[in-house]
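Asker: Have a peek at entry.pdb (PDB, C-alpha atoms).
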```
MODEL        1
ATOM      1  CA  ILE A   1     -15.612 -16.196  12.572
ATOM      2  CA  VAL A   2     -11.999 -16.431  11.404
ATOM      3  CA  SER A   3     -10.466 -13.444   9.615
ATOM      4  CA  PHE A   4      -7.450 -13.715   7.282
ATOM      5  CA  HIS A   5      -5.220 -10.802   6.387
ATOM      6  CA  SER A   6      -2.088  -9.920   4.430
ATOM      7  CA  ASN A   7       0.288 -12.645   5.621
ATOM      8  CA  LEU A   8      -1.850 -15.491   4.310
ATOM      9  CA  SER A   9       0.035 -16.001   1.036
ATOM     10  CA  LEU A  10       3.393 -15.946   2.778
ATOM     11  CA  MET A  11       2.356 -18.360   5.538
ATOM     12  CA  PHE A  12       0.681 -20.859   3.245
ATOM     13  CA  LYS A  13       3.671 -20.989   0.904
ATOM     14  CA  GLU A  14       6.146 -21.806   3.684
ATOM     15  CA  LYS A  15       8.020 -25.007   2.886
ATOM     16  CA  GLY A  16       8.746 -27.974   5.096
ATOM     17  CA  PHE A  17       7.143 -29.062   8.350
ATOM     18  CA  TYR A  18       6.330 -25.517   9.516
ATOM     19  CA  GLY A  19       4.417 -24.773   6.318
ATOM     20  CA  PHE A  20       2.544 -28.062   6.585
ATOM     21  CA  ILE A  21       1.462 -27.286  10.165
ATOM     22  CA  ILE A  22       0.355 -23.745   9.256
ATOM     23  CA  ARG A  23      -1.780 -25.017   6.367
ATOM     24  CA  LEU A  24      -3.228 -27.853   8.424
ATOM     25  CA  ILE A  25      -4.193 -25.706  11.421
ATOM     26  CA  SER A  26      -5.520 -22.834   9.299
ATOM     27  CA  THR A  27      -7.741 -24.979   7.096
ATOM     28  CA  LYS A  28      -8.989 -27.151   9.978
ATOM     29  CA  LEU A  29      -9.868 -24.162  12.151
ATOM     30  CA  SER A  30     -11.490 -22.396   9.229
ATOM     31  CA  ASN A  31     -13.721 -25.330   8.388
ATOM     32  CA  PHE A  32     -14.796 -25.634  12.043
ATOM     33  CA  ALA A  33     -15.690 -21.930  12.123
ATOM     34  CA  ASN A  34     -19.137 -20.594  11.312
ATOM     35  CA  GLY A  35     -17.678 -18.175   8.822
ATOM     36  CA  VAL A  36     -14.374 -17.175   7.245
ATOM     37  CA  ILE A  37     -13.615 -13.614   6.144
ATOM     38  CA  GLY A  38     -10.790 -12.555   3.863
ATOM     39  CA  VAL A  39      -9.858  -8.899   3.531
ATOM     40  CA  SER A  40      -9.771  -9.140  -0.264
ATOM     41  CA  ASN A  41     -11.307 -11.258  -3.003
ATOM     42  CA  GLY A  42      -7.822 -12.526  -3.778
ATOM     43  CA  ILE A  43      -7.368 -13.901  -0.274
ATOM     44  CA  VAL A  44     -10.800 -15.546  -0.401
ATOM     45  CA  LYS A  45      -9.851 -17.225  -3.676
ATOM     46  CA  GLU A  46      -6.591 -18.417  -2.151
ATOM     47  CA  LEU A  47      -8.375 -19.799   0.897
ATOM     48  CA  ALA A  48     -10.686 -21.798  -1.373
ATOM     49  CA  GLU A  49      -7.631 -23.222  -3.124
ATOM     50  CA  TYR A  50      -6.405 -24.451   0.277
ATOM     51  CA  SER A  51      -9.602 -26.417   0.909
ATOM     52  CA  VAL A  52     -11.563 -23.943   2.990
ATOM     53  CA  LYS A  53     -15.254 -24.566   2.245
ATOM     54  CA  LYS A  54     -16.516 -22.002  -0.265
ATOM     55  CA  ASN A  55     -19.927 -21.640   1.383
ATOM     56  CA  LYS A  56     -18.220 -20.252   4.497
ATOM     57  CA  LEU A  57     -16.068 -17.692   2.683
ATOM     58  CA  LYS A  58     -16.760 -13.983   2.441
ATOM     59  CA  ALA A  59     -14.633 -11.063   1.288
ATOM     60  CA  ILE A  60     -15.002  -7.878   3.337
ATOM     61  CA  HIS A  61     -12.438  -5.223   2.590
ATOM     62  CA  ASN A  62     -10.580  -3.466   5.374
ATOM     63  CA  PRO A  63     -12.288  -0.166   6.193
ATOM     64  CA  ILE A  64     -10.676   3.177   6.938
ATOM     65  CA  ASP A  65     -11.866   6.002   9.154
ATOM     66  CA  ILE A  66     -11.949   8.786   6.568
ATOM     67  CA  GLU A  67     -13.030  11.506   8.993
ATOM     68  CA  LYS A  68     -10.224  10.689  11.416
ATOM     69  CA  ILE A  69      -7.641  10.573   8.610
ATOM     70  CA  LEU A  70      -8.700  13.987   7.339
ATOM     71  CA  GLU A  71      -8.548  15.441  10.844
ATOM     72  CA  LEU A  72      -5.087  14.003  11.545
ATOM     73  CA  SER A  73      -3.821  15.163   8.156
ATOM     74  CA  LYS A  74      -4.252  18.773   9.350
ATOM     75  CA  GLU A  75      -1.620  18.397  12.071
ATOM     76  CA  PRO A  76       1.557  20.367  11.304
ATOM     77  CA  ILE A  77       4.813  18.570  10.678
ATOM     78  CA  ASN A  78       7.720  19.641  12.857
ATOM     79  CA  GLN A  79      10.173  22.295  11.799
ATOM     80  CA  ASP A  80      13.027  19.866  11.108
ATOM     81  CA  GLU A  81      10.896  17.840   8.693
ATOM     82  CA  LYS A  82       9.596  20.770   6.659
ATOM     83  CA  LYS A  83      12.786  20.725   4.593
ATOM     84  CA  PHE A  84      11.722  17.364   3.135
ATOM     85  CA  PHE A  85       8.533  18.889   1.711
ATOM     86  CA  THR A  86       9.542  21.758  -0.545
ATOM     87  CA  LYS A  87       8.154  23.154  -3.785
ATOM     88  CA  LYS A  88       9.764  20.227  -5.607
ATOM     89  CA  PRO A  89       7.440  17.335  -6.535
ATOM     90  CA  THR A  90       7.508  14.955  -3.572
ATOM     91  CA  MET A  91       6.678  11.277  -3.914
ATOM     92  CA  ILE A  92       5.908   9.261  -0.799
ATOM     93  CA  ALA A  93       5.728   5.594   0.175
ATOM     94  CA  VAL A  94       4.565   4.120   3.476
ATOM     95  CA  GLY A  95       5.378   0.655   4.765
ATOM     96  CA  ARG A  96       7.896  -1.571   6.501
ATOM     97  CA  PHE A  97      11.261  -2.263   4.928
ATOM     98  CA  VAL A  98      10.542  -5.894   4.087
ATOM     99  CA  THR A  99      10.752  -7.994   0.927
ATOM    100  CA  ALA A 100       7.049  -7.656   0.149
ATOM    101  CA  LYS A 101       7.246  -3.859  -0.233
ATOM    102  CA  ASN A 102       9.941  -4.169  -2.930
ATOM    103  CA  TYR A 103      11.607  -0.842  -2.191
ATOM    104  CA  PRO A 104      14.537  -1.596  -4.537
ATOM    105  CA  LEU A 105      12.071  -1.265  -7.432
ATOM    106  CA  LEU A 106      10.898   2.122  -6.145
ATOM    107  CA  ILE A 107      14.467   3.385  -5.710
ATOM    108  CA  LYS A 108      15.493   2.287  -9.210
ATOM    109  CA  ALA A 109      12.450   3.936 -10.788
ATOM    110  CA  PHE A 110      12.965   7.108  -8.761
ATOM    111  CA  HIS A 111      16.610   7.218  -9.869
ATOM    112  CA  LYS A 112      15.439   7.300 -13.485
ATOM    113  CA  VAL A 113      12.925  10.061 -12.722
ATOM    114  CA  LEU A 114      15.647  12.166 -11.089
ATOM    115  CA  GLN A 115      17.592  12.138 -14.333
ATOM    116  CA  LYS A 116      14.677  14.026 -15.932
ATOM    117  CA  ILE A 117      13.186  16.157 -13.123
ATOM    118  CA  ASP A 118      14.441  17.450  -9.780
ATOM    119  CA  CYS A 119      12.154  15.881  -7.180
ATOM    120  CA  ARG A 120      12.133  14.130  -3.806
ATOM    121  CA  LEU A 121      11.160  10.781  -2.362
ATOM    122  CA  VAL A 122      10.041  10.332   1.254
ATOM    123  CA  ILE A 123       9.625   6.880   2.821
ATOM    124  CA  LEU A 124       7.830   6.321   6.126
ATOM    125  CA  GLY A 125       8.468   3.069   7.958
ATOM    126  CA  GLY A 126      11.046   0.968   9.728
ATOM    127  CA  GLY A 127      12.352  -2.534   9.315
ATOM    128  CA  GLN A 128      15.290  -4.833   8.808
ATOM    129  CA  LYS A 129      15.956  -3.875   5.191
ATOM    130  CA  MET A 130      16.226  -0.116   5.692
ATOM    131  CA  ASP A 131      20.037  -0.134   5.717
ATOM    132  CA  GLU A 132      20.024  -2.147   2.498
ATOM    133  CA  ILE A 133      17.837   0.467   0.790
ATOM    134  CA  LYS A 134      19.991   3.313   2.101
ATOM    135  CA  LYS A 135      23.055   1.608   0.616
ATOM    136  CA  LEU A 136      21.259   1.267  -2.721
ATOM    137  CA  CYS A 137      20.479   5.000  -2.677
ATOM    138  CA  LYS A 138      24.128   5.770  -1.964
ATOM    139  CA  SER A 139      25.345   3.498  -4.745
ATOM    140  CA  LEU A 140      23.071   5.379  -7.178
ATOM    141  CA  ASN A 141      24.194   8.721  -5.716
ATOM    142  CA  ILE A 142      20.628   9.792  -4.916
ATOM    143  CA  GLN A 143      20.912   9.753  -1.113
ATOM    144  CA  ASN A 144      20.400  13.514  -0.917
ATOM    145  CA  SER A 145      17.034  13.223  -2.675
ATOM    146  CA  VAL A 146      15.590  10.364  -0.575
ATOM    147  CA  SER A 147      14.434  10.902   3.012
ATOM    148  CA  PHE A 148      13.894   8.058   5.480
ATOM    149  CA  LEU A 149      11.651   9.410   8.239
ATOM    150  CA  GLY A 150      11.022   6.148  10.105
ATOM    151  CA  TRP A 151       7.739   4.887  11.524
ATOM    152  CA  LYS A 152       5.178   7.594  12.206
ATOM    153  CA  LYS A 153       2.107   7.369  14.417
ATOM    154  CA  ASN A 154       0.403   9.910  12.155
ATOM    155  CA  PRO A 155       1.469   9.330   8.538
ATOM    156  CA  TYR A 156      -1.453  11.358   7.178
ATOM    157  CA  LYS A 157       0.109  14.777   7.756
ATOM    158  CA  TYR A 158       3.032  13.650   5.571
ATOM    159  CA  LEU A 159       0.726  12.267   2.900
ATOM    160  CA  LYS A 160      -1.095  15.606   2.807
ATOM    161  CA  LYS A 161       2.184  17.422   2.090
ATOM    162  CA  SER A 162       3.175  15.079  -0.756
ATOM    163  CA  SER A 163       2.453  15.045  -4.492
ATOM    164  CA  ILE A 164       2.161  11.354  -5.443
ATOM    165  CA  TYR A 165       1.802   8.092  -3.497
ATOM    166  CA  ILE A 166       3.768   5.059  -4.696
ATOM    167  CA  SER A 167       3.196   1.403  -3.828
ATOM    168  CA  SER A 168       5.843  -0.898  -5.318
ATOM    169  CA  SER A 169       4.831  -4.140  -3.583
ATOM    170  CA  LEU A 170       5.411  -7.705  -4.729
ATOM    171  CA  TRP A 171       2.328  -8.811  -2.809
ATOM    172  CA  GLU A 172      -0.253  -7.479  -0.384
ATOM    173  CA  GLY A 173      -3.277  -8.787   1.493
ATOM    174  CA  PHE A 174      -5.219  -5.580   1.168
ATOM    175  CA  PRO A 175      -3.186  -2.351   1.069
ATOM    176  CA  ASN A 176      -4.807   0.097   3.490
ATOM    177  CA  SER A 177      -2.047   2.609   2.783
ATOM    178  CA  ILE A 178      -3.404   3.108  -0.745
ATOM    179  CA  LEU A 179      -6.846   3.931   0.654
ATOM    180  CA  GLU A 180      -5.285   6.310   3.171
ATOM    181  CA  ALA A 181      -3.363   8.103   0.424
ATOM    182  CA  MET A 182      -6.539   8.431  -1.641
ATOM    183  CA  ALA A 183      -8.365   9.824   1.399
ATOM    184  CA  CYS A 184      -5.638  12.494   1.591
ATOM    185  CA  SER A 185      -6.341  13.349  -2.085
ATOM    186  CA  LEU A 186      -3.093  11.922  -3.449
ATOM    187  CA  PRO A 187      -2.889  10.325  -6.905
ATOM    188  CA  VAL A 188      -1.723   6.730  -6.478
ATOM    189  CA  ILE A 189       0.621   4.643  -8.602
ATOM    190  CA  ALA A 190       0.721   0.985  -7.558
ATOM    191  CA  THR A 191       2.023  -2.330  -8.794
ATOM    192  CA  ASP A 192      -0.826  -4.638  -9.764
ATOM    193  CA  CYS A 193       0.238  -7.288  -7.268
ATOM    194  CA  PRO A 194      -1.772  -9.928  -5.451
ATOM    195  CA  HIS A 195      -3.954  -9.094  -3.619
ATOM    196  CA  GLY A 196      -6.368  -6.196  -3.300
ATOM    197  CA  VAL A 197      -4.764  -3.415  -5.338
ATOM    198  CA  SER A 198      -6.942  -3.941  -8.413
ATOM    199  CA  GLU A 199      -9.952  -4.175  -6.075
ATOM    200  CA  ILE A 200      -9.270  -0.574  -5.031
ATOM    201  CA  ILE A 201      -8.186   0.953  -8.335
ATOM    202  CA  THR A 202     -11.147   0.200 -10.558
ATOM    203  CA  LYS A 203      -9.867   1.590 -13.845
ATOM    204  CA  ASN A 204      -6.271   2.255 -14.842
ATOM    205  CA  SER A 205      -5.452   5.980 -15.078
ATOM    206  CA  PHE A 206      -8.901   6.861 -13.716
ATOM    207  CA  ASP A 207      -8.798   6.513  -9.916
ATOM    208  CA  GLY A 208      -5.197   5.341  -9.814
ATOM    209  CA  ILE A 209      -2.438   3.970 -12.028
ATOM    210  CA  LEU A 210      -1.572   0.267 -12.111
ATOM    211  CA  VAL A 211       1.833  -0.894 -13.322
ATOM    212  CA  PRO A 212       3.208  -4.431 -13.720
ATOM    213  CA  VAL A 213       4.933  -5.986 -10.720
ATOM    214  CA  ASN A 214       8.721  -5.529 -10.629
ATOM    215  CA  ASP A 215       8.777  -3.369 -13.776
ATOM    216  CA  ALA A 216      10.989  -0.349 -13.044
ATOM    217  CA  ASP A 217      10.508   1.191 -16.500
ATOM    218  CA  SER A 218       6.701   1.182 -16.242
ATOM    219  CA  LEU A 219       6.842   2.629 -12.751
ATOM    220  CA  TYR A 220       9.300   5.309 -13.880
ATOM    221  CA  ARG A 221       7.137   6.325 -16.847
ATOM    222  CA  SER A 222       4.029   6.579 -14.671
ATOM    223  CA  MET A 223       5.814   8.645 -12.038
ATOM    224  CA  LEU A 224       7.196  10.986 -14.684
ATOM    225  CA  SER A 225       3.818  11.362 -16.410
ATOM    226  CA  LEU A 226       2.057  12.483 -13.218
ATOM    227  CA  ILE A 227       4.812  14.945 -12.345
ATOM    228  CA  LYS A 228       4.669  16.477 -15.823
ATOM    229  CA  ASP A 229       0.886  16.448 -16.204
ATOM    230  CA  LYS A 230      -0.652  18.143 -13.160
ATOM    231  CA  ASN A 231      -4.150  18.045 -14.641
ATOM    232  CA  LYS A 232      -3.935  14.275 -15.002
ATOM    233  CA  ALA A 233      -2.590  13.968 -11.453
ATOM    234  CA  ASN A 234      -5.373  16.158 -10.058
ATOM    235  CA  THR A 235      -8.076  14.224 -11.933
ATOM    236  CA  ILE A 236      -6.797  10.868 -10.669
ATOM    237  CA  ALA A 237      -6.560  12.276  -7.132
ATOM    238  CA  LYS A 238     -10.139  13.571  -7.330
ATOM    239  CA  ASN A 239     -11.482  10.246  -8.611
ATOM    240  CA  GLY A 240      -9.482   8.347  -6.013
ATOM    241  CA  ARG A 241     -10.941  10.501  -3.261
ATOM    242  CA  LYS A 242     -14.447   9.565  -4.446
ATOM    243  CA  ARG A 243     -13.493   5.901  -4.722
ATOM    244  CA  VAL A 244     -12.321   5.698  -1.118
ATOM    245  CA  GLU A 245     -15.834   6.435   0.140
ATOM    246  CA  ALA A 246     -16.722   2.823  -0.706
ATOM    247  CA  PHE A 247     -14.312   1.688   2.046
ATOM    248  CA  SER A 248     -15.663   3.784   4.897
ATOM    249  CA  LYS A 249     -16.001   2.148   8.299
ATOM    250  CA  GLN A 250     -19.788   2.594   8.189
ATOM    251  CA  ILE A 251     -20.078   0.492   5.031
ATOM    252  CA  ALA A 252     -17.729  -2.185   6.418
ATOM    253  CA  ILE A 253     -19.640  -2.389   9.709
ATOM    254  CA  GLN A 254     -22.900  -3.002   7.834
ATOM    255  CA  LYS A 255     -21.232  -5.734   5.759
ATOM    256  CA  TYR A 256     -20.045  -7.481   8.922
ATOM    257  CA  ILE A 257     -23.494  -7.190  10.506
ATOM    258  CA  ASP A 258     -25.171  -8.584   7.390
ATOM    259  CA  TYR A 259     -22.705 -11.475   7.209
ATOM    260  CA  ILE A 260     -23.003 -12.374  10.893
TER     261      ILE A 260
ENDMDL
END
```
Kindly return the structure encoded in the file as structure tokens.

Answerer:
Amino acid sequence: IVSFHSNLSLMFKEKGFYGFIIRLISTKLSNFANGVIGVSNGIVKELAEYSVKKNKLKAIHNPIDIEKILELSKEPINQDEKKFFTKKPTMIAVGRFVTAKNYPLLIKAFHKVLQKIDCRLVILGGGQKMDEIKKLCKSLNIQNSVSFLGWKKNPYKYLKKSSIYISSSLWEGFPNSILEAMACSLPVIATDCPHGVSEIITKNSFDGILVPVNDADSLYRSMLSLIKDKNKANTIAKNGRKRVEAFSKQIAIQKYIDYI
């Protein structure tokens, strides 16, 4: 069985000889395999478009270990980091500083929110574009309201201390971080990008909020609405917490067993 994850779209769209080789090897190996699993329906659809035989394809979403996440979320954050989680509304994002995560969109939307309400933004992750994002924050004069905490082995204790989770991606394979935020009872706002996000959030403003890709105004309005309306935020968080049960490791294991 061959399993395809988040980098599929990026690899298959590579130009030139390298892209040709990637597509050739991936499709040939897939069609020789007994089965091909994509971690989202979107990836499965994309694989079919690249000539992988449809009768071999199966979508099985990435699972999360809800019990472990909840246990790790109880760990205390260190004394130096407590200052980043005050009584102010705190929005959080988790992910590498790469093009796909589209952090410039998040920073621009957060800048607009700051003009209305005093709040904070915390970003967990490392990567080559971190300095670029820090410079953007400085140019907008919001550097004192944005905290870059780097990569964390246990992001869940930071999620548990936050108010809202934001995903501003241009594309995903299947965004586990959204599930993890939901497991920590955070309301989620996410760009409706390919792939997987709309497979998690089933109904807009019910178990999460979907906004158009690369639309800073829509993201800003959604962020502001959840900060202002705590009842709405709590309801979305509660529904999201129920939704995440469908992605438990037990359910995923049974799906793999049934498929095999």

Asker: With only C-alpha atoms as the atoms that count, which of A:Asn144, A:Thr235, A:Ser40, A:Thr86 lies nearest to Pro194 of chain A?

Answerer: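 Closest residue, counting only C-alpha atoms: A:Ser40.
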
Asker: Counting all atoms listed in the file, figure out which residue out of A:Ser205, A:Thr99, A:Asn41, A:Asn231 gets nearest to Leu57 of chain A.

Answerer: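 Nearest to Leu57 of chain A: A:Asn41.
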
Asker: Would you tabulate, counting all atoms listed in the file, all residues of segment 56-127 of chain A that have an atom at most 10 Å from an atom of segment 246-259 of chain A, showing the closest pair of atoms and their distance in Å to one decimal, sorted by chain then ascending number, as JSON lines?

Answerer:
```
{"residue": "A:Lys58", "atom": "CA", "partner": "A:Tyr259", "partner_atom": "CA", "distance": 8.0}
{"residue": "A:Ala59", "atom": "CA", "partner": "A:Lys255", "partner_atom": "CA", "distance": 9.6}
{"residue": "A:Ile60", "atom": "CA", "partner": "A:Lys255", "partner_atom": "CA", "distance": 7.0}
{"residue": "A:His61", "atom": "CA", "partner": "A:Phe247", "partner_atom": "CA", "distance": 7.2}
{"residue": "A:Asn62", "atom": "CA", "partner": "A:Phe247", "partner_atom": "CA", "distance": 7.2}
{"residue": "A:Pro63", "atom": "CA", "partner": "A:Lys249", "partner_atom": "CA", "distance": 4.9}
{"residue": "A:Ile64", "atom": "CA", "partner": "A:Ser248", "partner_atom": "CA", "distance": 5.4}
{"residue": "A:Asp65", "atom": "CA", "partner": "A:Lys249", "partner_atom": "CA", "distance": 5.7}
{"residue": "A:Ile66", "atom": "CA", "partner": "A:Ser248", "partner_atom": "CA", "distance": 6.5}
{"residue": "A:Glu67", "atom": "CA", "partner": "A:Ser248", "partner_atom": "CA", "distance": 9.1}
```

Asker: Which of these residues is nearest to Leu219 of chain A, using only C-alpha atoms: A:Phe206, A:Phe174, A:Tyr50, A:Phe110?

Answerer: A:Phe110

Asker: Which one is closest to Val197 of chain A: A:Val211, A:Asn102, A:Pro175, A:Lys160? Count all atoms listed in the file.

Answerer: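 Counting all atoms listed in the file, the residue closest to Val197 of chain A is A:Pro175.
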
Asker: Interatomic distance between atom CA of Ile37 of chain A and atom CA of Lys68 of chain A?

Answerer: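 Pair atom CA of Ile37 of chain A / atom CA of Lys68 of chain A returns 25.1 Å.
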
Asker: Between A:Ala93, A:Ile25, A:Ile236, A:Leu47, which one has atoms that come closest to Lys203 of chain A, using only C-alpha atoms?

Answerer: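 The shortest atom-to-atom distance to Lys203 of chain A comes from A:Ile236.
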
Asker: For this structure, which residues satisfy the selection - the PyMOL selection byres ((chain A and resi 130) around 12) - when it is evaluated on the file as given? I want them as an MDAnalysis selection string.

Answerer: chainID A and resid 95:99 101:104 123:129 131:137 147:151

Asker: Spell out the residues picked by the PyMOL selection byres ((chain A and resi 225-230) around 9) here, as a PyMOL selection string.

Answerer: chain A and resi 89+117+163-164+187+220-224+231-235

Asker: Residues around (-8.6, 5.0, -3.3), cut-off 10 Å, counting all atoms listed in the file - what are they as number ranges by chain?

Answerer: A: 176-188, 197, 199-202, 207-208, 236-247

Asker: For a test of reading the model, state the distance in Å between atom CA of Ala190 of chain A and atom CA of Glu172 of chain A, rounded to one decimal.

Answerer: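 Computing it gives 11.1 Å between the two atoms.
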
Asker: Select, from A:Leu29, A:Leu170, A:Ile92, A:Val44, the residue with the minimum atom-to-atom distance to Asp192 of chain A, counting all atoms listed in the file.

Answerer: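 Nearest candidate to Asp192 of chain A out of A:Leu29, A:Leu170, A:Ile92, A:Val44: A:Leu170.
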
Asker: Quick check, in Å to one decimal: how far apart do atom CA of Tyr165 of chain A and atom CA of Met91 of chain A lie?

Answerer: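 That distance, rounded to one decimal, is 5.8 Å.
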
Asker: Can you turn the PyMOL selection byres ((chain A and resi 83) around 12) into a concrete residue list for this file, as a list in words?

Answerer: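 Those residues are Ile77, Asn78, Gln79, Asp80, Glu81, Lys82, Phe84, Phe85, Thr86, Lys87, Lys88, Thr90, Arg120, Val122, Asn144, Ser145, Val146, Ser147, Leu149 and Lys161 of chain A.
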
Asker: Give me the residues within 9 Å of Lys53 of chain A as number ranges by chain, counting all atoms listed in the file and dropping any in the same chain fewer than 6 places off.

Answerer: A: 27, 30-31, 36, 47

Asker: Which residues are close to Ala216 of chain A, i.e. within 8 Å by all atoms listed in the file, leaving aside same-chain residues fewer than 4 positions away? Reply as a list in words.

Answerer: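 Answer for this query is Leu105, Leu106, Lys108, Ala109 and Tyr220 of chain A.
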
Asker: Please return the centre and edge lengths, in Å to one decimal, of a box with edges along x, y and z that contains all listed atoms of segment 206-224 of chain A, widened by 5 Å on every side, as lines of an AutoDock Vina configuration file.

Answerer:
```
center_x = 1.0
center_y = 2.5
center_z = -13.3
size_x = 29.9
size_y = 27.0
size_z = 17.0
```
